[in-house]
>>> print(open('data.txt').read())   # compact mmCIF, C-alpha atoms
# COMPACT_ATOMS: atom_id res chain seq x y z
CA MET A 1 6.84 25.78 -2.71
CA MET A 2 5.38 27.47 -5.74
CA THR A 3 8.05 29.06 -7.81
CA ASP A 4 7.26 31.69 -10.36
CA VAL A 5 7.04 30.63 -13.94
CA ALA A 6 9.49 33.24 -15.11
CA ASP A 7 11.30 31.52 -17.94
CA GLY A 8 8.25 29.92 -19.51
CA ARG A 9 9.26 26.41 -18.62
CA MET A 10 6.99 23.97 -16.88
CA ARG A 11 7.55 22.99 -13.28
CA LEU A 12 7.88 19.31 -12.49
CA THR A 13 7.32 18.07 -8.98
CA VAL A 14 8.53 14.54 -8.34
CA LEU A 15 6.60 12.73 -5.65
CA GLY A 16 8.43 9.69 -4.33
CA GLY A 17 8.36 7.41 -1.34
CA TYR A 18 8.43 3.77 -0.46
CA LEU A 19 5.68 1.27 -1.33
CA GLY A 20 2.58 2.11 0.63
CA SER A 21 4.02 5.20 2.23
CA GLY A 22 0.93 7.22 1.34
CA LYS A 23 1.92 9.02 -1.86
CA THR A 24 -1.47 8.78 -3.55
CA THR A 25 -3.39 9.63 -0.38
CA TRP A 26 -1.31 12.75 0.10
CA LEU A 27 -1.56 13.77 -3.54
CA ARG A 28 -5.30 13.17 -3.61
CA HIS A 29 -5.78 15.62 -0.78
CA GLN A 30 -3.47 18.21 -2.35
CA LEU A 31 -5.45 18.00 -5.60
CA HIS A 32 -8.67 18.35 -3.66
CA VAL A 33 -7.58 21.53 -1.86
CA GLY A 34 -5.71 22.87 -4.90
CA THR A 35 -2.20 23.17 -3.45
CA PHE A 36 -0.64 22.88 -6.88
CA GLY A 37 -3.23 24.78 -8.88
CA PRO A 38 -4.14 23.33 -12.28
CA VAL A 39 -1.83 20.41 -12.70
CA HIS A 40 -1.20 17.45 -14.95
CA VAL A 41 -0.54 14.30 -12.97
CA VAL A 42 1.62 11.47 -14.27
CA VAL A 43 1.25 8.30 -12.25
CA ASN A 44 3.72 5.46 -12.53
CA GLU A 45 3.05 2.00 -11.17
CA ALA A 46 5.54 -0.83 -11.18
CA ALA A 47 2.92 -3.51 -11.64
CA GLU A 48 0.82 -3.80 -14.73
CA THR A 49 -2.43 -3.14 -12.92
CA ALA A 50 -3.31 0.42 -12.20
CA VAL A 51 -5.24 1.32 -9.09
CA ASP A 52 -4.03 4.81 -8.26
CA ASP A 53 -5.46 6.54 -11.29
CA ALA A 54 -8.99 5.77 -10.10
CA LEU A 55 -8.33 7.81 -6.97
CA LEU A 56 -6.92 10.95 -8.53
CA GLY A 57 -9.99 12.63 -9.94
CA GLY A 58 -8.98 16.19 -9.04
CA ALA A 59 -6.24 16.64 -11.62
CA ALA A 60 -6.62 18.73 -14.77
CA GLY A 61 -5.08 15.89 -16.74
CA LEU A 62 -3.86 12.45 -15.89
CA THR A 63 -1.44 10.10 -17.60
CA LEU A 64 -0.88 6.61 -16.35
CA LEU A 65 2.37 4.75 -16.85
CA ALA A 66 1.83 1.15 -15.79
CA GLY A 67 4.02 -1.88 -16.20
CA GLY A 68 7.48 -0.67 -15.40
CA CYS A 69 9.13 1.51 -12.84
CA CYS A 70 10.06 4.76 -14.60
CA CYS A 71 13.48 5.07 -13.00
CA CYS A 72 14.63 1.93 -14.79
CA ALA A 73 12.49 -0.27 -17.08
CA GLY A 74 9.92 2.40 -17.89
CA LYS A 75 12.28 5.31 -18.36
CA ALA A 76 11.76 5.58 -22.12
CA ASP A 77 7.98 5.67 -21.57
CA LEU A 78 8.29 8.48 -19.07
CA ILE A 79 10.44 10.57 -21.40
CA ARG A 80 7.95 9.97 -24.24
CA VAL A 81 4.98 11.05 -22.10
CA LEU A 82 6.73 14.18 -20.87
CA ARG A 83 7.77 15.09 -24.42
CA GLU A 84 4.16 14.74 -25.57
CA LEU A 85 3.02 17.07 -22.79
CA CYS A 86 5.63 19.63 -23.84
CA ASP A 87 4.51 19.25 -27.42
CA GLN A 88 0.86 19.86 -26.64
CA ARG A 89 1.73 22.88 -24.55
CA SER A 90 3.93 24.41 -27.20
CA ARG A 91 0.97 24.46 -29.60
CA ILE A 92 -0.92 26.84 -27.34
CA SER A 93 0.03 30.50 -27.56
CA SER A 94 2.04 31.67 -24.60
CA ASP A 95 -0.55 34.43 -24.00
CA ALA A 96 -3.23 31.88 -23.31
CA THR A 97 -3.55 29.86 -20.11
CA ARG A 98 -1.17 26.98 -20.42
CA LEU A 99 -0.18 24.11 -18.26
CA HIS A 100 2.38 25.23 -15.71
CA ARG A 101 2.92 22.25 -13.55
CA ILE A 102 3.33 18.51 -13.76
CA VAL A 103 3.32 16.24 -10.75
CA LEU A 104 4.94 12.86 -11.26
CA GLU A 105 3.92 10.25 -8.75
CA THR A 106 6.63 7.61 -8.93
CA SER A 107 6.14 3.97 -8.12
CA GLY A 108 7.16 2.88 -4.66
CA LEU A 109 10.14 1.06 -6.09
CA ALA A 110 11.59 4.09 -7.87
CA ASP A 111 14.67 6.05 -6.99
CA PRO A 112 13.66 9.72 -7.52
CA SER A 113 17.21 10.84 -8.19
CA ALA A 114 17.38 8.56 -11.25
CA ILE A 115 14.21 10.18 -12.60
CA VAL A 116 15.52 13.68 -12.01
CA ALA A 117 18.74 12.74 -13.78
CA ALA A 118 16.80 11.27 -16.72
CA VAL A 119 14.64 14.38 -17.17
CA GLN A 120 17.57 16.75 -16.88
CA GLY A 121 19.67 14.67 -19.21
CA ASP A 122 17.13 14.71 -22.03
CA PRO A 123 18.01 17.33 -24.65
CA ILE A 124 14.38 18.23 -25.37
CA LEU A 125 12.91 18.11 -21.92
CA VAL A 126 15.60 20.24 -20.38
CA ASN A 127 14.37 23.17 -22.49
CA HIS A 128 10.76 22.74 -21.41
CA ILE A 129 10.80 21.43 -17.89
CA VAL A 130 12.42 22.60 -14.67
CA ILE A 131 12.47 20.19 -11.77
CA ASP A 132 10.83 22.16 -9.02
CA GLU A 133 11.31 19.87 -6.09
CA THR A 134 11.41 16.27 -5.05
CA ILE A 135 8.94 15.46 -2.31
CA VAL A 136 9.39 12.15 -0.54
CA VAL A 137 6.64 10.68 1.58
CA VAL A 138 7.81 8.65 4.56
CA ASP A 139 5.57 6.33 6.49
CA ALA A 140 5.74 7.42 10.14
CA LEU A 141 4.79 3.90 11.19
CA HIS A 142 7.20 1.81 9.11
CA GLY A 143 9.78 4.43 8.14
CA LEU A 144 12.47 3.41 10.61
CA ALA A 145 12.19 -0.27 9.79
CA GLN A 146 12.47 0.52 6.08
CA LEU A 147 15.53 2.68 6.61
CA GLN A 148 17.17 -0.09 8.58
CA THR A 149 16.62 -2.83 6.04
CA GLU A 150 15.99 -1.33 2.60
CA PRO A 151 18.79 0.31 0.58
CA LEU A 152 16.10 1.75 -1.68
CA GLY A 153 14.38 3.48 1.25
CA ARG A 154 17.62 5.25 2.07
CA ARG A 155 18.24 6.28 -1.53
CA GLN A 156 14.77 7.81 -1.68
CA ILE A 157 15.42 9.87 1.46
CA GLY A 158 18.73 10.96 -0.01
CA ALA A 159 16.91 12.36 -3.05
CA ALA A 160 14.36 14.40 -1.09
CA ASP A 161 14.10 18.18 -1.12
CA ARG A 162 11.17 17.99 1.24
CA ILE A 163 9.92 15.16 3.42
CA ILE A 164 6.29 14.49 4.30
CA LEU A 165 5.74 12.19 7.24
CA SER A 166 2.48 10.40 6.62
CA LYS A 167 0.24 8.47 9.03
CA CYS A 168 1.44 10.63 11.94
CA ASP A 169 -1.68 9.75 13.91
CA ALA A 170 -0.74 6.07 13.96
CA ALA A 171 2.80 6.47 15.28
CA ASP A 172 3.65 7.23 18.89
CA PRO A 173 5.43 10.56 19.51
CA ALA A 174 8.65 8.98 20.84
CA SER A 175 9.27 6.92 17.73
CA LEU A 176 8.21 9.83 15.54
CA ILE A 177 10.90 11.98 17.16
CA ARG A 178 13.45 9.23 16.62
CA LEU A 179 12.45 8.93 12.97
CA ARG A 180 12.72 12.70 12.53
CA ALA A 181 16.21 12.74 14.03
CA THR A 182 17.26 9.84 11.81
CA LEU A 183 15.90 11.53 8.69
CA ARG A 184 17.59 14.77 9.64
CA ASN A 185 20.83 12.86 9.88
CA LEU A 186 20.37 11.50 6.37
CA THR A 187 19.23 14.76 4.73
CA PRO A 188 19.79 17.72 7.03
CA ALA A 189 18.61 20.17 4.37
CA ALA A 190 15.17 18.72 3.73
CA PRO A 191 12.38 20.31 5.78
CA GLN A 192 9.97 17.83 7.33
CA SER A 193 6.24 18.21 7.73
CA GLY A 194 3.57 15.90 9.03
CA ALA A 195 0.36 14.72 7.39
CA VAL A 196 -2.65 12.60 8.20
CA LEU A 197 -4.57 11.58 5.08
CA GLY A 198 -2.92 14.49 3.28
CA GLU A 199 -3.93 17.09 5.82
CA VAL A 200 -1.07 18.97 7.48
CA VAL A 201 -0.54 18.18 11.16
CA ALA A 202 2.04 19.49 13.59
CA LEU A 203 5.06 17.30 14.26
CA PRO A 204 6.56 16.85 17.71
CA LEU A 205 9.71 18.93 18.15
CA VAL A 206 12.99 17.06 18.20
CA PRO A 207 14.88 17.76 21.45
CA GLU A 208 18.55 18.64 20.95
CA ASP A 209 19.82 15.50 22.65
CA THR A 210 17.78 13.03 20.59
CA GLU A 211 20.01 10.37 19.15
CA ALA A 212 19.42 9.26 15.61
CA GLU A 213 18.92 5.58 14.99
CA VAL A 214 22.19 3.92 14.02
CA LEU A 215 21.58 2.46 10.60
CA PRO A 216 23.44 -0.74 9.78
CA PRO A 217 25.51 -0.60 6.60
CA LEU A 218 23.72 -2.22 3.69
CA SER A 219 25.19 -3.63 0.55
CA ASP A 220 23.24 -2.94 -2.60
CA GLU A 221 22.60 -6.62 -3.08
CA ASP A 222 19.86 -7.64 -0.73
CA THR A 223 20.42 -11.10 0.72
CA ARG A 224 16.71 -11.83 0.97
CA GLY A 225 16.21 -11.56 -2.77
CA ALA A 226 14.67 -8.76 -4.75
CA ILE A 227 11.20 -7.38 -4.13
CA PHE A 228 9.02 -8.19 -7.12
CA PRO A 229 5.40 -7.56 -8.09
CA THR A 230 3.00 -10.45 -8.73
CA ARG A 231 -0.53 -10.22 -10.03
CA LEU A 232 -3.26 -12.50 -8.82
CA MET A 233 -6.59 -12.76 -10.62
CA ILE A 234 -9.43 -13.48 -8.26
CA ASP A 235 -12.36 -14.89 -10.22
CA GLU A 236 -15.99 -15.16 -9.18
CA SER A 237 -15.51 -18.55 -7.53
CA ILE A 238 -13.47 -17.03 -4.71
CA ASP A 239 -15.71 -14.98 -2.46
CA TRP A 240 -14.65 -12.18 -0.14
CA SER A 241 -14.88 -14.30 3.06
CA ALA A 242 -12.45 -16.86 1.74
CA PHE A 243 -10.15 -14.23 0.33
CA ALA A 244 -10.11 -12.17 3.54
CA MET A 245 -9.47 -15.29 5.56
CA TRP A 246 -6.54 -16.24 3.38
CA LEU A 247 -5.05 -12.78 3.24
CA SER A 248 -5.31 -12.24 7.00
CA ALA A 249 -3.48 -15.55 7.59
CA LEU A 250 -0.90 -14.68 4.96
CA LEU A 251 -0.22 -11.27 6.48
CA HIS A 252 0.04 -12.78 9.93
CA ALA A 253 2.64 -15.31 8.78
CA ARG A 254 4.44 -13.36 6.03
CA GLY A 255 3.63 -9.71 6.70
CA ASN A 256 7.25 -8.63 6.88
CA ASP A 257 8.03 -10.04 3.45
CA LEU A 258 4.83 -8.85 1.82
CA VAL A 259 5.52 -5.15 1.65
CA ARG A 260 2.43 -4.17 -0.28
CA VAL A 261 -0.89 -5.65 -1.39
CA LYS A 262 -3.25 -3.54 -3.44
CA GLY A 263 -6.28 -4.12 -5.60
CA VAL A 264 -10.00 -3.84 -6.16
CA LEU A 265 -12.37 -6.71 -5.40
CA ARG A 266 -16.08 -7.16 -6.01
CA THR A 267 -18.07 -7.94 -2.88
CA PRO A 268 -21.78 -7.91 -1.99
CA ALA A 269 -21.14 -4.43 -0.52
CA GLY A 270 -19.74 -3.04 -3.78
CA ARG A 271 -16.29 -2.50 -5.25
CA LEU A 272 -13.83 -2.67 -2.42
CA LEU A 273 -10.39 -1.08 -2.55
CA LEU A 274 -7.96 -3.13 -0.51
CA GLN A 275 -4.55 -1.84 0.57
CA THR A 276 -2.04 -3.24 2.98
CA VAL A 277 1.45 -2.23 4.04
CA ARG A 278 3.30 -5.06 5.76
CA LYS A 279 0.96 -6.24 8.52
CA VAL A 280 -1.24 -3.17 8.54
CA VAL A 281 -4.45 -3.20 6.52
CA GLN A 282 -6.18 0.06 5.70
CA SER A 283 -9.87 -0.14 6.34
CA PRO A 284 -11.23 -1.06 2.89
CA GLU A 285 -12.80 1.74 0.93
CA ILE A 286 -15.95 1.31 -1.15
CA LEU A 287 -15.31 2.73 -4.60
CA PRO A 288 -17.99 4.20 -6.85
CA GLU A 289 -19.27 1.95 -9.61
CA GLN A 290 -17.48 2.76 -12.81
CA SER A 291 -18.45 2.17 -16.34
CA GLY A 292 -15.97 0.52 -18.63
CA GLU A 293 -14.03 -2.55 -17.79
CA ARG A 294 -11.83 -1.72 -14.85
CA GLU A 295 -9.57 -4.47 -13.73
CA ASP A 296 -11.65 -5.64 -10.82
CA GLY A 297 -10.52 -8.81 -9.16
CA THR A 298 -6.86 -8.22 -9.86
CA ILE A 299 -4.73 -7.94 -6.77
CA VAL A 300 -1.09 -6.90 -6.89
CA PHE A 301 1.29 -8.43 -4.38
CA ILE A 302 4.69 -6.82 -3.97
CA GLY A 303 7.08 -8.76 -1.83
CA ARG A 304 9.82 -11.32 -1.60
CA GLY A 305 10.53 -14.78 -0.30
CA PHE A 306 7.78 -16.69 -2.10
CA ARG A 307 7.16 -18.25 -5.47
CA PRO A 308 4.54 -16.36 -7.48
CA GLU A 309 2.71 -19.54 -8.49
CA ASP A 310 2.28 -20.60 -4.86
CA LEU A 311 0.02 -17.65 -4.07
CA TYR A 312 -2.94 -18.81 -6.11
CA LYS A 313 -2.49 -22.42 -5.11
CA SER A 314 -2.52 -21.40 -1.48
CA LEU A 315 -5.62 -19.26 -1.95
CA LEU A 316 -7.49 -22.15 -3.58
CA ARG A 317 -6.55 -24.40 -0.68
CA PHE A 318 -7.96 -21.89 1.76
CA ALA A 319 -11.16 -21.56 -0.22
CA GLY A 320 -11.52 -25.33 -0.08
CA GLN A 321 -11.05 -25.74 -3.82
CA GLY A 322 -7.59 -27.25 -3.83
CA THR A 323 -6.72 -30.48 -5.57
CA LYS A 324 -7.50 -32.31 -2.35
CA PRO A 325 -11.09 -32.26 -1.05
CA MET B 1 -21.57 -1.50 21.64
CA CYS B 2 -23.15 -3.78 24.22
CA ASN B 3 -22.84 -2.11 27.63
CA ALA B 4 -22.76 -5.45 29.44
CA CYS B 5 -19.84 -7.07 27.65
CA GLY B 6 -18.26 -4.18 25.73
CA ASN B 7 -18.39 -5.95 22.40
CA PRO B 8 -17.49 -4.89 19.77
CA SER B 9 -14.77 -2.66 21.16
CA VAL B 10 -13.82 -1.36 17.71
CA PRO B 11 -15.96 -1.03 14.60
CA GLY B 12 -15.55 -3.92 12.15
CA HIS B 13 -12.30 -5.69 11.37
CA TRP B 14 -11.20 -5.16 7.76
CA THR B 15 -12.05 -8.76 6.87
CA GLU B 16 -15.72 -8.01 7.61
CA ALA B 17 -15.95 -5.16 5.10
CA GLY B 18 -17.41 -7.22 2.26
CA ALA B 19 -20.98 -7.33 3.59
CA ALA B 20 -23.24 -4.29 3.81
CA THR B 21 -26.55 -5.64 5.12
CA PRO B 22 -27.19 -7.59 8.35
CA GLY B 23 -28.29 -10.59 6.29
CA ASP B 24 -25.10 -10.55 4.24
CA ARG B 25 -23.06 -10.19 7.38
CA LEU B 26 -24.62 -13.20 9.05
CA ARG B 27 -24.30 -15.28 5.90
CA ALA B 28 -20.64 -14.29 5.62
CA ARG B 29 -20.04 -15.32 9.23
CA PHE B 30 -21.53 -18.79 8.73
CA HIS B 31 -19.64 -19.23 5.52
CA ARG B 32 -16.38 -18.10 7.08
CA ALA B 33 -16.80 -20.43 10.06
CA GLY B 34 -17.34 -23.38 7.72
CA LEU B 35 -14.22 -22.61 5.70
CA LEU B 36 -12.17 -21.98 8.82
CA ASP B 37 -13.21 -25.19 10.50
CA LYS B 38 -12.29 -27.25 7.45
CA LEU B 39 -8.93 -25.53 7.27
CA LEU B 40 -8.08 -25.76 10.96
CA ARG B 41 -9.03 -29.43 11.52
CA PRO B 42 -5.73 -30.81 10.13
CA TYR B 43 -3.92 -28.58 12.62
CA GLY B 44 -5.89 -30.06 15.51
CA LEU B 45 -8.04 -26.95 15.94
CA SER B 46 -11.68 -26.21 15.31
CA ALA B 47 -13.68 -23.08 14.59
CA HIS B 48 -17.34 -22.41 15.29
CA ASP B 49 -19.56 -19.40 14.80
CA GLY B 50 -23.21 -19.88 15.61
CA GLY B 51 -24.14 -16.32 14.75
CA MET B 52 -25.31 -15.53 18.31
CA VAL B 53 -22.13 -15.06 20.33
CA PRO B 54 -19.94 -12.29 18.92
CA GLY B 55 -16.58 -13.41 17.58
CA ILE B 56 -15.31 -16.79 16.48
CA GLN B 57 -15.00 -19.72 18.84
CA LEU B 58 -11.62 -21.38 18.43
CA GLY B 59 -11.28 -24.80 20.03
CA THR B 60 -8.71 -27.51 20.42
CA LEU B 61 -9.30 -31.25 20.20
CA SER B 62 -8.90 -31.47 23.98
CA GLY B 63 -12.02 -29.41 24.29
CA SER B 64 -10.74 -26.04 25.43
CA GLN B 65 -12.38 -23.04 23.81
CA THR B 66 -11.39 -19.43 23.24
CA ILE B 67 -13.49 -16.67 21.75
CA VAL B 68 -11.49 -14.43 19.45
CA PRO B 69 -12.96 -11.15 18.17
CA ASP B 70 -11.78 -11.35 14.56
CA LEU B 71 -9.55 -13.15 12.09
CA GLY B 72 -6.49 -11.12 13.01
CA ALA B 73 -6.76 -12.33 16.60
CA LEU B 74 -7.59 -15.84 15.44
CA TRP B 75 -4.30 -16.33 13.60
CA ALA B 76 -2.38 -14.96 16.58
CA GLU B 77 -4.21 -17.34 18.94
CA ALA B 78 -3.67 -20.27 16.57
CA GLU B 79 0.03 -19.45 16.52
CA ARG B 80 0.07 -19.43 20.33
CA LEU B 81 -1.66 -22.82 20.49
CA LEU B 82 0.46 -24.45 17.80
CA GLY B 83 3.77 -22.83 18.65
CA ARG B 84 4.18 -21.67 15.05
CA PRO B 85 2.10 -19.54 12.69
CA ILE B 86 -0.22 -21.14 10.16
CA ASP B 87 1.67 -20.20 7.02
CA PRO B 88 -0.41 -20.35 3.83
CA LEU B 89 2.77 -20.55 1.75
CA ASP B 90 4.31 -23.36 3.78
CA PRO B 91 5.41 -26.04 1.26
CA ALA B 92 4.00 -28.72 3.57
CA PHE B 93 0.60 -27.04 3.42
CA LEU B 94 0.72 -26.61 -0.36
CA ASN B 95 2.06 -30.04 -1.27
CA ASP B 96 0.49 -32.48 1.12
CA ASP B 97 -1.38 -34.36 -1.58
>>> encode(input="data.txt", output="structure tokens")
Amino acid sequence: MMTDVADGRMRLTVLGGYLGSGKTTWLRHQLHVGTFGPVHVVVNEAAETAVDDALLGGAAGLTLLAGGCCCCAGKADLIRVLRELCDQRSRISSDATRLHRIVLETSGLADPSAIVAAVQGDPILVNHIVIDETIVVVDALHGLAQLQTEPLGRRQIGAADRIILSKCDAADPASLIRLRATLRNLTPAAPQSGAVLGEVVALPLVPEDTEAEVLPPLSDEDTRGAIFPTRLMIDESIDWSAFAMWLSALLHARGNDLVRVKGVLRTPAGRLLLQTVRKVVQSPEILPEQSGEREDGTIVFIGRGFRPEDLYKSLLRFAGQGTKP
Amino acid sequence: MCNACGNPSVPGHWTEAGAATPGDRLRARFHRAGLLDKLLRPYGLSAHDGGMVPGIQLGTLSGSQTIVPDLGALWAEAERLLGRPIDPLDPAFLNDD
């Protein structure tokens, strides 16, 4: 939905969606095919380690906001970055080619409506930026489960102007139809489209008599504790075999509590990008060698129901380096 | 794929992504089997990978053997044999010293 830049203000597209729903994958493809035209991308990650920025090479400009979700803790940072962009743009004559569009990729823990409210409530930004639309990516595989258990997942859907169903190839048509009906119930106005790795695919039609999933009422306080990010440094002494063995066991036992694992590891095959969503592991991607010190060997775990310090202890045990021989 | 036994039915499990050459792959398999065996012994299970037969051989102390294709299947089979999953964050596993 490309609106005309009639009043000289920049267009901001907010891209939201739950942890691991496929926001970056979708955006990467859109940048590659040029859906948005020349665009400045602002990426926010809740954890202090950034992985996404390495994947988004197609943008005209890229700003990374790490270490705080920009709907709450990192809000001031987001406002500062957007003000700087407005500032830079205002220095260029309006006759020249100027930046017209910003895409903000939120962290998976962000509530897009809070971000929209923050941008619109800022006295400077409101004169420079128009919120174009809020796109929310929903995981076709895990979407229903998230809606049933996560208050945040429902708030994100509530904020959407447009919904992208990702990973459509992995979900069976019957559950996809059920998910579509449920989403339509939550936000009847938001059009839905399907995607596989960012590429548009056709969605199955929803028959008239499809019943939406009945969502249990949720209180805002989650009884299972909050989802929090933890960083784990994997040094040279832990090799890939031991790490993969540990992580596969961990996902088998705790996959439902470990909503997201993401990071880059060094292996004999090269730099390996590892991503999991609950129990599903994406086939690891070999990343190009990069100069400069990227944070290789840092893995971010986002989940609940464990103590952060136990993770490393457990990994050492698996690698046979625990306190006990 | 071997047309006699149909193995492997799918290309590489994600845990096998870290090795690019056949030599690395074989080394990784031996290494993994060693680590696994050490880990599984306290649970009354054993693991063996001789590099010839595809998959990992999971055994019990009573001598029965199963061949599992990858680590994902191994943890599921171990859970079936033990009646509970092997949980890396189980306090009993972390604090048994």
>>> closest_atom_pairs(input="data.txt", of="chain A", to="chain B", cutoff="6 Å", atoms="all atoms listed in the file", output="CSV")
residue,atom,partner,partner_atom,distance
A:Ser241,CA,B:Arg32,CA,5.7
A:Ala244,CA,B:Thr15,CA,5.1
A:Leu250,CA,B:Pro88,CA,5.8
A:Ala253,CA,B:Asp87,CA,5.3
A:Thr267,CA,B:Gly18,CA,5.2
A:Pro268,CA,B:Ala19,CA,5.7
A:Ala269,CA,B:Ala20,CA,4.8
A:Ser283,CA,B:Trp14,CA,5.4
A:Ser314,CA,B:Pro88,CA,5.8
>>> residues_around(input="data.txt", residues="A:Gly153", least_positions_apart="2", cutoff="10 Å", atoms="all atoms listed in the file", output="mmCIF file with C-alpha atoms, in the frame of the given file")
data_model
loop_
_atom_site.group_PDB
_atom_site.id
_atom_site.type_symbol
_atom_site.label_atom_id
_atom_site.label_comp_id
_atom_site.auth_asym_id
_atom_site.auth_seq_id
_atom_site.Cartn_x
_atom_site.Cartn_y
_atom_site.Cartn_z
ATOM 1 C CA GLY A 17 8.360 7.410 -1.340
ATOM 2 C CA TYR A 18 8.430 3.770 -0.460
ATOM 3 C CA LEU A 19 5.680 1.270 -1.330
ATOM 4 C CA GLY A 108 7.160 2.880 -4.660
ATOM 5 C CA LEU A 109 10.140 1.060 -6.090
ATOM 6 C CA ALA A 110 11.590 4.090 -7.870
ATOM 7 C CA ASP A 111 14.670 6.050 -6.990
ATOM 8 C CA VAL A 138 7.810 8.650 4.560
ATOM 9 C CA GLY A 143 9.780 4.430 8.140
ATOM 10 C CA LEU A 144 12.470 3.410 10.610
ATOM 11 C CA ALA A 145 12.190 -0.270 9.790
ATOM 12 C CA GLN A 146 12.470 0.520 6.080
ATOM 13 C CA LEU A 147 15.530 2.680 6.610
ATOM 14 C CA GLN A 148 17.170 -0.090 8.580
ATOM 15 C CA THR A 149 16.620 -2.830 6.040
ATOM 16 C CA GLU A 150 15.990 -1.330 2.600
ATOM 17 C CA PRO A 151 18.790 0.310 0.580
ATOM 18 C CA ARG A 155 18.240 6.280 -1.530
ATOM 19 C CA GLN A 156 14.770 7.810 -1.680
ATOM 20 C CA ILE A 157 15.420 9.870 1.460
ATOM 21 C CA GLY A 158 18.730 10.960 -0.010
#
>>> residues_around(input="data.txt", residues="B:Ile56", least_positions_apart="3", cutoff="7 Å", atoms="only C-alpha atoms", output="MDAnalysis selection string")
chainID B and resid 47:49 67:70
>>> atom_distance(input="data.txt", atom1="atom CA of A:Leu62", atom2="atom CA of A:Pro229")
23.4 Å
>>> closest_residue(input="data.txt", among="A:Val201, A:Ala170, A:Val300, A:Leu265", to="A:Glu45", atoms="all atoms listed in the file")
A:Val300
>>> closest_residue(input="data.txt", among="A:Ala174, A:Glu199, A:Asp77, A:Val116", to="A:Glu211", atoms="all atoms listed in the file")
A:Ala174
>>> atom_distance(input="data.txt", atom1="atom CA of A:Asp161", atom2="atom CA of A:Thr134")
5.1 Å
>>> residues_around(input="data.txt", residues="A:Lys262", least_positions_apart="4", cutoff="6 Å", atoms="only C-alpha atoms", output="list in words")
Leu274, Gln275, Ile299 and Val300 of chain A
>>> closest_residue(input="data.txt", among="A:Gly320, A:Pro112, A:Gly16, A:Gly61", to="A:Ala242", atoms="all atoms listed in the file")
A:Gly320
>>> residues_around(input="data.txt", residues="A:Gly22", least_positions_apart="3", cutoff="12 Å", atoms="all atoms listed in the file", output="ChimeraX atom specification")
/A:15-19,25-29,52,105-108,136-143,164-168,194-199,260,275-277,282
>>> closest_residue(input="data.txt", among="B:Arg80, B:Cys5, B:Gly23, B:Arg41", to="B:Pro54", atoms="all atoms listed in the file")
B:Cys5
>>> closest_residue(input="data.txt", among="B:Glu77, B:Leu45, B:Leu82, B:Pro22", to="B:Leu61", atoms="only C-alpha atoms")
B:Leu45
>>> atom_distance(input="data.txt", atom1="atom CA of A:Thr210", atom2="atom CA of A:Gly20")
27.4 Å
>>> residues_around(input="data.txt", residues="A:Gln88", least_positions_apart="4", cutoff="12 Å", atoms="all atoms listed in the file", output="PDB file with C-alpha atoms, keeping the file's coordinate frame")
ATOM      1  CA  VAL A  81       4.980  11.050 -22.100  1.00  0.00           C
ATOM      2  CA  LEU A  82       6.730  14.180 -20.870  1.00  0.00           C
ATOM      3  CA  ARG A  83       7.770  15.090 -24.420  1.00  0.00           C
ATOM      4  CA  GLU A  84       4.160  14.740 -25.570  1.00  0.00           C
ATOM      5  CA  ILE A  92      -0.920  26.840 -27.340  1.00  0.00           C
ATOM      6  CA  SER A  93       0.030  30.500 -27.560  1.00  0.00           C
ATOM      7  CA  ARG A  98      -1.170  26.980 -20.420  1.00  0.00           C
ATOM      8  CA  LEU A  99      -0.180  24.110 -18.260  1.00  0.00           C
ATOM      9  CA  HIS A 128      10.760  22.740 -21.410  1.00  0.00           C
TER      10      HIS A 128
END
>>> decode(input="data.txt", residues="stretch 32-57 of chain B", atoms="C-alpha atoms", output="compact mmCIF listing (two decimals), in the first residue's frame")
# COMPACT_ATOMS: atom_id res chain seq x y z
CA ARG B 32 28.95 -36.92 18.99
CA ALA B 33 28.59 -40.63 19.74
CA GLY B 34 31.27 -40.37 22.43
CA LEU B 35 29.59 -37.41 24.11
CA LEU B 36 26.17 -39.01 23.86
CA ASP B 37 27.28 -42.29 25.33
CA LYS B 38 28.85 -40.58 28.32
CA LEU B 39 25.71 -38.56 28.86
CA LEU B 40 23.24 -41.42 28.46
CA ARG B 41 25.02 -44.00 30.67
CA PRO B 42 23.65 -42.58 33.95
CA TYR B 43 20.17 -42.94 32.49
CA GLY B 44 20.76 -46.62 31.75
CA LEU B 45 21.10 -46.05 28.01
CA SER B 46 24.00 -46.26 25.61
CA ALA B 47 24.80 -44.70 22.25
CA HIS B 48 27.06 -46.03 19.52
CA ASP B 49 27.95 -44.78 16.07
CA GLY B 50 30.56 -46.77 14.21
CA GLY B 51 30.44 -44.57 11.15
CA MET B 52 29.26 -47.40 8.88
CA VAL B 53 25.58 -47.86 9.67
CA PRO B 54 23.58 -44.67 9.10
CA GLY B 55 22.06 -43.14 12.21
CA ILE B 56 22.84 -43.56 15.87
CA GLN B 57 22.45 -46.86 17.68
